[in-house]
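Next up, structure.cif (mmCIF, C-alpha atoms):
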data_upload
#
loop_
_atom_site.label_atom_id
_atom_site.label_comp_id
_atom_site.auth_asym_id
_atom_site.auth_seq_id
_atom_site.Cartn_x
_atom_site.Cartn_y
_atom_site.Cartn_z
CA MET A 18 109.85 95.86 126.06
CA SER A 19 107.49 98.78 126.06
CA ALA A 20 104.03 98.52 124.51
CA THR A 21 104.90 100.93 121.74
CA ARG A 22 108.01 101.57 119.70
CA ARG A 23 109.45 104.57 117.97
CA PRO A 24 112.53 104.34 115.84
CA HIS A 25 115.69 105.95 116.98
CA PRO A 26 116.30 108.91 114.66
CA ALA A 27 119.48 107.32 113.37
CA LEU A 28 117.54 104.18 112.52
CA ALA A 29 114.77 106.17 110.88
CA ALA A 30 117.32 107.97 108.78
CA ARG A 31 119.05 104.73 107.89
CA ILE A 32 115.81 103.09 106.82
CA LEU A 33 114.83 106.06 104.73
CA THR A 34 118.24 106.50 103.20
CA ALA A 35 119.28 102.90 102.60
CA GLY A 36 120.96 102.64 99.24
CA LEU A 37 120.80 106.32 98.41
CA SER A 38 123.55 108.57 97.18
CA THR A 39 125.31 110.53 99.87
CA ALA A 40 123.84 113.85 98.75
CA THR A 41 120.31 112.51 98.76
CA ALA A 42 120.81 110.80 102.10
CA PHE A 43 121.96 114.06 103.61
CA ALA A 44 118.91 115.76 102.15
CA ILE A 45 116.61 113.31 103.85
CA ILE A 46 118.44 113.52 107.15
CA ALA A 47 118.25 117.30 107.00
CA LEU A 48 114.54 117.17 106.36
CA LEU A 49 114.01 114.66 109.14
CA ALA A 50 115.91 116.90 111.48
CA ARG A 51 113.60 119.72 110.62
CA GLU A 52 110.50 117.57 110.95
CA SER A 53 111.60 116.13 114.26
CA GLN A 54 113.05 118.14 117.10
CA ARG A 55 113.10 115.16 119.40
CA ALA A 56 112.84 111.40 119.21
CA PRO A 57 113.35 108.74 121.89
CA GLN A 58 115.90 105.96 121.90
CA GLN A 59 115.07 102.53 120.59
CA ASP A 60 116.96 99.33 119.96
CA GLU A 61 117.78 98.68 116.37
CA ARG A 62 116.59 95.47 114.74
CA PRO A 63 117.20 93.88 111.38
CA ARG A 64 114.95 94.68 108.49
CA LEU A 65 112.68 91.97 107.17
CA ILE A 66 113.19 90.38 103.81
CA GLU A 67 110.45 88.07 102.64
CA VAL A 68 108.39 87.23 99.60
CA ARG A 69 105.14 85.32 99.47
CA ILE A 70 103.33 83.92 96.52
CA GLY A 71 100.02 85.64 95.98
CA ASP A 72 96.99 83.37 96.06
CA GLY A 73 95.82 84.54 92.67
CA LEU A 74 99.14 84.18 90.90
CA ASP A 75 98.31 82.11 87.85
CA ASP A 76 101.45 82.43 85.78
CA ASP A 77 103.35 79.13 85.97
CA GLU A 78 106.70 80.65 85.12
CA ALA A 79 106.38 83.31 87.77
CA ARG A 80 105.13 80.87 90.37
CA ASN A 81 107.99 78.47 89.71
CA ALA A 82 110.55 81.24 89.85
CA LEU A 83 109.19 82.49 93.14
CA ARG A 84 109.05 78.99 94.61
CA ALA A 85 112.62 78.26 93.54
CA TRP A 86 113.77 81.45 95.15
CA LEU A 87 111.87 80.72 98.33
CA ASP A 88 113.25 77.17 98.52
CA GLY A 89 116.69 78.62 98.96
CA ARG A 90 115.58 81.23 101.47
CA GLN A 91 113.63 79.36 104.12
CA ASP A 92 115.18 81.50 106.82
CA LEU A 93 113.50 84.52 105.32
CA THR A 94 110.07 83.01 104.81
CA THR A 95 109.86 82.19 108.49
CA ALA A 96 110.91 85.65 109.65
CA GLY A 97 108.71 86.72 112.50
CA ASP A 98 108.20 90.34 111.60
CA LEU A 99 105.53 89.78 108.98
CA THR A 100 102.79 87.23 109.22
CA VAL A 101 99.60 86.54 107.30
CA VAL A 102 96.67 86.38 109.69
CA ASP A 103 93.02 85.42 109.44
CA LEU A 104 91.76 88.63 110.95
CA PRO A 105 90.05 91.74 109.61
CA PRO A 106 92.50 94.52 108.67
CA ASP A 107 92.90 97.82 110.50
CA ILE A 108 93.40 99.49 107.13
CA GLU A 109 93.86 98.55 103.48
CA SER A 110 96.77 99.15 101.14
CA GLU A 111 95.14 99.84 97.79
CA PRO A 112 96.33 100.93 94.38
CA SER A 113 96.79 104.67 94.67
CA MET B 29 95.47 91.24 123.95
CA SER B 30 93.38 94.27 124.74
CA GLY B 31 93.47 97.46 122.73
CA LEU B 32 95.40 100.61 123.57
CA GLY B 33 92.46 102.83 124.43
CA VAL B 34 91.88 105.97 122.40
CA VAL B 35 91.94 105.52 118.63
CA GLN B 36 91.51 108.67 116.56
CA ARG B 37 90.79 108.28 112.86
CA HIS B 38 90.57 111.23 110.52
CA ARG B 39 89.66 110.65 106.88
CA PHE B 40 89.88 113.37 104.24
CA GLN B 41 90.41 113.92 100.53
CA ALA B 42 93.94 114.70 99.38
CA MET B 43 96.15 114.14 96.35
CA GLY B 44 93.25 112.90 94.26
CA SER B 45 92.43 110.15 96.69
CA THR B 46 91.19 109.38 100.18
CA ALA B 47 93.70 109.96 102.95
CA GLU B 48 93.47 108.75 106.51
CA ILE B 49 95.42 109.43 109.67
CA ILE B 50 95.10 107.08 112.62
CA ALA B 51 96.60 107.85 116.02
CA VAL B 52 96.52 105.18 118.72
CA GLY B 53 97.03 105.50 122.45
CA CYS B 54 95.89 108.93 123.56
CA SER B 55 94.33 112.09 122.18
CA HIS B 56 96.37 113.82 119.49
CA GLY B 57 93.80 116.13 117.93
CA GLU B 58 96.17 119.03 117.42
CA ALA B 59 98.89 116.87 115.87
CA ILE B 60 96.37 115.30 113.50
CA GLU B 61 95.07 118.70 112.47
CA GLU B 62 98.61 119.85 111.76
CA ALA B 63 99.27 116.66 109.79
CA VAL B 64 96.24 117.30 107.59
CA GLN B 65 97.53 120.79 106.89
CA ARG B 66 100.93 119.34 106.05
CA VAL B 67 99.40 116.95 103.50
CA ASP B 68 97.54 119.88 101.95
CA GLN B 69 100.78 121.88 101.77
CA LEU B 70 102.61 119.02 100.05
CA GLU B 71 99.77 118.62 97.57
CA ARG B 72 99.90 122.32 96.71
CA ARG B 73 103.61 121.97 96.06
CA TRP B 74 103.55 118.67 94.18
CA SER B 75 100.28 118.30 92.28
CA ARG B 76 100.64 118.46 88.50
CA PHE B 77 96.98 119.44 88.37
CA ILE B 78 97.53 122.68 90.27
CA ASP B 79 99.00 125.26 87.92
CA THR B 80 100.85 127.09 90.67
CA SER B 81 102.44 124.03 92.26
CA GLU B 82 106.21 123.79 92.19
CA VAL B 83 106.02 120.64 90.06
CA SER B 84 103.77 122.40 87.55
CA VAL B 85 106.16 125.34 87.38
CA LEU B 86 109.05 122.89 86.90
CA ASN B 87 107.20 121.35 83.97
CA HIS B 88 106.12 124.67 82.46
CA ARG B 89 109.68 125.99 82.66
CA ALA B 90 111.49 122.84 81.56
CA GLY B 91 114.96 123.74 80.41
CA THR B 92 115.55 126.46 82.98
CA PRO B 93 116.56 126.25 86.65
CA VAL B 94 113.53 126.66 88.91
CA PRO B 95 113.76 127.49 92.63
CA VAL B 96 111.96 124.88 94.70
CA SER B 97 111.30 124.11 98.36
CA GLU B 98 113.30 121.55 100.31
CA GLU B 99 110.42 119.08 100.04
CA THR B 100 110.17 119.38 96.26
CA MET B 101 113.92 119.04 95.88
CA LEU B 102 113.70 115.88 97.96
CA LEU B 103 110.81 114.61 95.81
CA VAL B 104 112.86 115.02 92.66
CA GLU B 105 116.01 113.56 94.23
CA LEU B 106 114.21 110.50 95.48
CA GLY B 107 112.40 110.13 92.18
CA CYS B 108 115.77 110.06 90.47
CA ASP B 109 117.05 107.62 93.05
CA GLY B 110 114.09 105.31 92.43
CA TRP B 111 114.74 105.55 88.70
CA ALA B 112 118.36 104.50 89.19
CA ARG B 113 117.61 101.65 91.60
CA THR B 114 114.96 100.18 89.31
CA ASP B 115 117.04 100.54 86.16
CA GLY B 116 114.57 103.06 84.82
CA ARG B 117 111.44 100.92 85.26
CA PHE B 118 110.14 103.50 87.70
CA ASP B 119 110.50 106.67 85.68
CA PRO B 120 108.99 109.98 86.82
CA THR B 121 109.92 111.57 83.49
CA VAL B 122 107.18 109.73 81.57
CA LEU B 123 104.82 112.65 82.16
CA HIS B 124 104.19 113.40 78.47
CA ALA B 125 103.43 109.73 77.77
CA VAL B 126 100.90 109.79 80.63
CA GLU B 127 99.35 112.89 79.09
CA ALA B 128 99.36 111.23 75.67
CA ASN B 129 97.02 108.66 77.20
CA GLY B 130 94.64 111.47 78.08
CA TYR B 131 95.58 111.71 81.77
CA SER B 132 96.16 115.45 81.69
CA VAL B 133 93.48 116.45 84.20
CA SER B 134 92.80 115.03 87.64
CA PHE B 135 91.22 111.60 87.62
CA ASP B 136 88.03 112.95 89.19
CA ARG B 137 87.59 115.32 86.28
CA MET B 138 88.29 112.58 83.75
CA ALA B 139 85.05 110.91 84.81
CA ASP B 140 83.12 113.90 83.47
CA THR B 141 84.65 114.05 80.01
CA ALA B 142 86.07 111.66 77.45
CA ALA B 143 89.85 111.35 77.60
CA VAL B 144 91.60 113.30 74.86
CA ALA B 145 94.84 111.90 73.49
CA ARG B 146 97.84 114.15 73.08
CA PRO B 147 100.83 113.59 70.83
CA ARG B 148 102.85 110.66 72.15
CA PRO B 149 106.54 111.42 72.75
CA ALA B 150 109.03 109.35 70.81
CA GLU B 151 111.19 109.06 73.91
CA VAL B 152 111.57 110.43 77.42
CA ALA B 153 114.68 111.89 78.90
CA GLY B 154 115.06 109.72 82.00
CA CYS B 155 116.48 111.19 85.18
CA ASP B 156 120.08 111.53 84.08
CA SER B 157 119.27 114.82 82.41
CA ILE B 158 117.65 116.40 85.48
CA VAL B 159 119.98 118.93 87.08
CA ILE B 160 119.61 119.34 90.83
CA ASP B 161 121.52 122.22 92.37
CA ARG B 162 121.29 121.67 96.08
CA SER B 163 123.36 124.69 97.07
CA GLY B 164 121.30 126.97 94.83
CA ARG B 165 118.15 125.03 95.66
CA THR B 166 117.02 124.80 92.06
CA VAL B 167 115.94 121.98 89.77
CA ARG B 168 116.17 122.04 86.00
CA LEU B 169 114.34 119.57 83.81
CA PRO B 170 115.65 119.03 80.28
CA PRO B 171 113.93 121.05 77.54
CA ASP B 172 110.64 119.35 76.66
CA GLY B 173 111.06 117.16 79.76
CA GLY B 174 108.38 116.52 82.34
CA PHE B 175 108.20 115.27 85.91
CA ASP B 176 105.24 113.19 87.12
CA PRO B 177 105.16 112.79 90.92
CA GLY B 178 102.40 110.20 90.61
CA GLY B 179 104.51 107.16 91.48
CA ILE B 180 106.22 108.56 94.55
CA GLY B 181 104.45 111.63 95.94
CA LYS B 182 101.80 109.92 98.02
CA GLY B 183 104.29 107.57 99.61
CA LEU B 184 106.77 110.31 100.40
CA ALA B 185 103.99 112.43 101.86
CA ALA B 186 102.97 109.53 104.11
CA ASP B 187 106.60 109.17 105.25
CA LEU B 188 107.06 112.86 106.01
CA VAL B 189 103.74 113.25 107.79
CA GLY B 190 104.25 110.05 109.73
CA HIS B 191 107.63 111.23 110.91
CA ARG B 192 106.17 114.54 112.01
CA LEU B 193 103.39 112.78 113.95
CA ARG B 194 105.91 110.60 115.74
CA ALA B 195 107.90 113.69 116.64
CA ALA B 196 104.72 115.21 118.03
CA GLY B 197 104.35 112.28 120.40
CA VAL B 198 102.08 109.93 118.47
CA GLU B 199 103.73 106.67 119.54
CA SER B 200 101.53 104.44 117.38
CA GLY B 201 99.91 105.51 114.17
CA CYS B 202 99.26 105.19 110.49
CA VAL B 203 99.25 107.64 107.62
CA SER B 204 97.49 106.51 104.46
CA ILE B 205 97.54 108.63 101.33
CA GLY B 206 95.38 106.85 98.81
CA GLY B 207 96.35 103.47 100.25
CA ASP B 208 100.08 104.15 100.42
CA LEU B 209 100.85 103.59 104.08
CA ARG B 210 103.39 104.53 106.68
CA ILE B 211 102.78 102.65 109.95
CA TRP B 212 104.56 102.62 113.28
CA GLY B 213 104.04 101.31 116.81
CA LEU B 214 101.03 99.17 117.60
CA GLY B 215 97.65 99.05 115.91
CA PRO B 216 94.25 99.67 117.50
CA ALA B 217 94.05 96.10 118.83
CA GLY B 218 97.27 96.48 120.82
CA ARG B 219 99.32 94.30 118.49
CA ARG B 220 101.10 94.98 115.23
CA TRP B 221 99.13 96.70 112.50
CA ARG B 222 96.89 94.49 110.42
CA ILE B 223 97.09 95.58 106.80
CA GLY B 224 94.70 94.33 104.16
CA THR B 225 96.09 93.80 100.71
CA GLY B 226 94.59 91.87 97.83
CA GLY B 227 92.22 89.92 100.04
CA ARG B 228 94.78 88.86 102.64
CA THR B 229 95.73 90.46 105.94
CA ILE B 230 99.31 90.82 107.09
CA GLU B 231 100.54 91.83 110.52
CA ILE B 232 103.54 94.10 110.56
CA THR B 233 104.76 97.45 111.86
CA ASP B 234 107.40 100.15 111.39
CA VAL B 235 107.36 99.96 107.59
CA GLY B 236 106.01 101.62 104.47
CA ILE B 237 103.55 99.77 102.25
CA ALA B 238 102.31 100.65 98.79
CA THR B 239 100.19 98.94 96.19
CA SER B 240 100.29 99.60 92.49
CA GLY B 241 97.62 98.30 90.16
CA SER B 242 96.57 98.66 86.56
CA GLN B 243 92.83 98.48 87.16
CA ARG B 244 92.22 101.35 89.59
CA ARG B 245 92.96 104.29 87.29
CA ALA B 246 91.99 102.94 83.91
CA TRP B 247 89.88 104.49 81.18
CA GLU B 248 88.96 104.20 77.55
CA LEU B 249 90.93 106.07 74.92
CA ASP B 250 89.95 105.83 71.27
CA GLY B 251 88.31 102.49 71.94
CA ASP B 252 91.24 101.00 73.89
CA LEU B 253 91.45 100.46 77.64
CA VAL B 254 94.49 102.30 78.99
CA ASN B 255 95.76 103.02 82.51
CA HIS B 256 98.03 105.41 84.35
CA LEU B 257 101.00 103.03 84.58
CA ILE B 258 103.38 103.71 81.73
CA ASP B 259 106.02 101.21 80.71
CA PRO B 260 109.07 103.42 80.05
CA SER B 261 110.32 100.96 77.44
CA THR B 262 107.22 101.39 75.26
CA LEU B 263 105.77 104.68 76.58
CA ARG B 264 102.38 102.98 76.62
CA SER B 265 100.23 101.57 79.38
CA THR B 266 101.62 98.48 81.00
CA THR B 267 100.16 95.14 79.97
CA ALA B 268 102.93 92.64 80.71
CA GLY B 269 103.30 92.73 84.46
CA PRO B 270 101.06 91.62 87.32
CA VAL B 271 97.62 93.20 87.76
CA ALA B 272 98.63 94.48 91.18
CA VAL B 273 101.71 94.45 93.38
CA THR B 274 102.01 95.34 97.04
CA VAL B 275 105.48 96.10 98.36
CA VAL B 276 106.55 96.32 101.99
CA ALA B 277 109.72 98.34 102.44
CA GLY B 278 111.51 100.53 104.95
CA SER B 279 109.57 103.57 103.80
CA ALA B 280 106.45 104.29 101.80
CA TRP B 281 108.22 106.19 99.02
CA GLN B 282 110.50 103.24 98.41
CA ALA B 283 107.58 100.84 98.47
CA GLU B 284 105.72 102.98 95.95
CA THR B 285 108.60 103.26 93.51
CA TYR B 286 109.33 99.54 93.72
CA ALA B 287 105.66 98.61 93.29
CA THR B 288 105.43 100.85 90.23
CA ALA B 289 108.57 99.29 88.76
CA LEU B 290 107.34 95.75 89.37
CA MET B 291 104.17 96.52 87.45
CA VAL B 292 106.24 96.73 84.27
CA THR B 293 108.52 93.81 85.16
CA PRO B 294 108.08 90.29 83.77
CA PRO B 295 106.99 88.18 86.77
CA ALA B 296 109.82 85.69 86.39
CA SER B 297 112.33 88.49 86.93
CA ILE B 298 110.70 89.77 90.10
CA PRO B 299 112.51 87.50 92.63
CA ASP B 300 115.89 88.89 91.59
CA ASP B 301 114.61 92.42 92.11
CA LEU B 302 113.20 91.61 95.53
CA GLU B 303 116.44 90.11 96.68
CA ARG B 304 118.45 93.02 95.36
CA TRP B 305 116.17 95.60 96.96
CA GLY B 306 115.56 93.66 100.18
CA VAL B 307 111.81 94.15 100.23
CA VAL B 308 108.64 92.10 100.56
CA ALA B 309 106.18 91.86 97.67
CA PHE B 310 102.76 90.37 97.16
CA LEU B 311 101.70 89.71 93.58
CA THR B 312 97.96 89.55 93.41
CA ARG B 313 97.73 87.85 90.03
CA THR B 314 99.15 88.09 86.56
CA SER B 315 97.35 89.26 83.49
#
Go ahead and render the structure in this file as structure tokens.
Amino acid sequence: MSATRRPHPALAARILTAGLSTATAFAIIALLARESQRAPQQDERPRLIEVRIGDGLDDDEARNALRAWLDGRQDLTTAGDLTVVDLPPDIESEPS
Amino acid sequence: MSGLGVVQRHRFQAMGSTAEIIAVGCSHGEAIEEAVQRVDQLERRWSRFIDTSEVSVLNHRAGTPVPVSEETMLLVELGCDGWARTDGRFDPTVLHAVEANGYSVSFDRMADTAAVARPRPAEVAGCDSIVIDRSGRTVRLPPDGGFDPGGIGKGLAADLVGHRLRAAGVESGCVSIGGDLRIWGLGPAGRRWRIGTGGRTIEITDVGIATSGSQRRAWELDGDLVNHLIDPSTLRSTTAGPVAVTVVAGSAWQAETYATALMVTPPASIPDDLERWGVVAFLTRTS
């Protein structure tokens, strides 16, 4: 596996267009085509689905609902694509 | 694991917030410069605080078809798509309710003057009444309708600019527009990107990430504390949902629309949404 990865254009389009109407999906693909004249090949991989309970979540009903959901989805909570680490971030996602 | 060598970071102001572009691996000065220009171009087309922007013209001429660029047509289409997928909880047509809260000038300018309330609309049109003519490349809002790009524009800009950077050869990078992120490849440390959110750090790559919160853009209006997040069911600032939500999705625009929707969603209903949408969410805490 190479040190860096770029999505195959078909994968990029699929990620961006998942669940969209056909017309909108075509619009995105057309725009991607204009933005990108070239893109390398890359193996596709499944998308991650996971939910974690925030440390500060203090609503019992919400916490219980999330836990119940997670109990039935252990395969997803152990997915390897997203992990919580005890390291400083490269960048923050903040309310915009 | 060692890092990947050259890391270029360029921070600048855009879309009423701080933007940052990070390119990892080798020098990409020209591509970054072009990306900054692209963000500026999108802001000039989408900002509701620039009178000549395409979104402003759309709002001024509500009720008539308005020619728009491909990017603006996409913005409106995806806004409508987000509205449909969230059952209207993300609603870009709440513009007049946002303005009723006094958010009718840029947030920077609001700090200089007291917010002035405007008449609150009795209802908003929703996206069903927006007419998009792709062949004619026009968009028509309903009469008295309004389009607020606030809950999707930054994320979509990050997606488009990120895609352009990848096409220019930036194999690993990050585009942040006000904290809405599009990341790909490996981070500066030579492993997946480490993203801080709500006091925790997650490692991930090749996704879009957005955080929505009710405390960042909040102000006082007639003695009440209000914020920029409008609950479409009440047309008032949200109070029922979490204080902040971070969503990890396939793209930043999706993450942003979902995060906005979850801010007006009762927490107990959130798991069903996450499963239906197939995304990751972090709830910081409830109010």
Just want the 8 Å neighbourhood of Met101 in chain B, counted on all atoms listed in the file, with same-chain residues fewer than 6 positions away dropped. Output as a PyMOL selection string.
chain B and resi 160+162+165-167
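Computed from the coordinates, the CA of Pro270 in chain B to CA of Ile205 in chain B distance equals 22.3 Å.
Counting only C-alpha atoms and comparing B:Val104, B:Ala195, B:Ala283, B:Leu249, the residue that lies closest to chain A is B:Ala195.
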Evaluated on this file, the PyMOL selection byres ((chain B) within 6 of (chain A)) picks out some residues - which ones are they, written as a PyMOL selection string?
chain B and resi 192+195+206-207+213-214+222-225+229-232+239-241+278-279+295-296+306-314
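In this structure, CA of Thr262 in chain B sits 22.3 Å away from CA of Asp300 in chain B.
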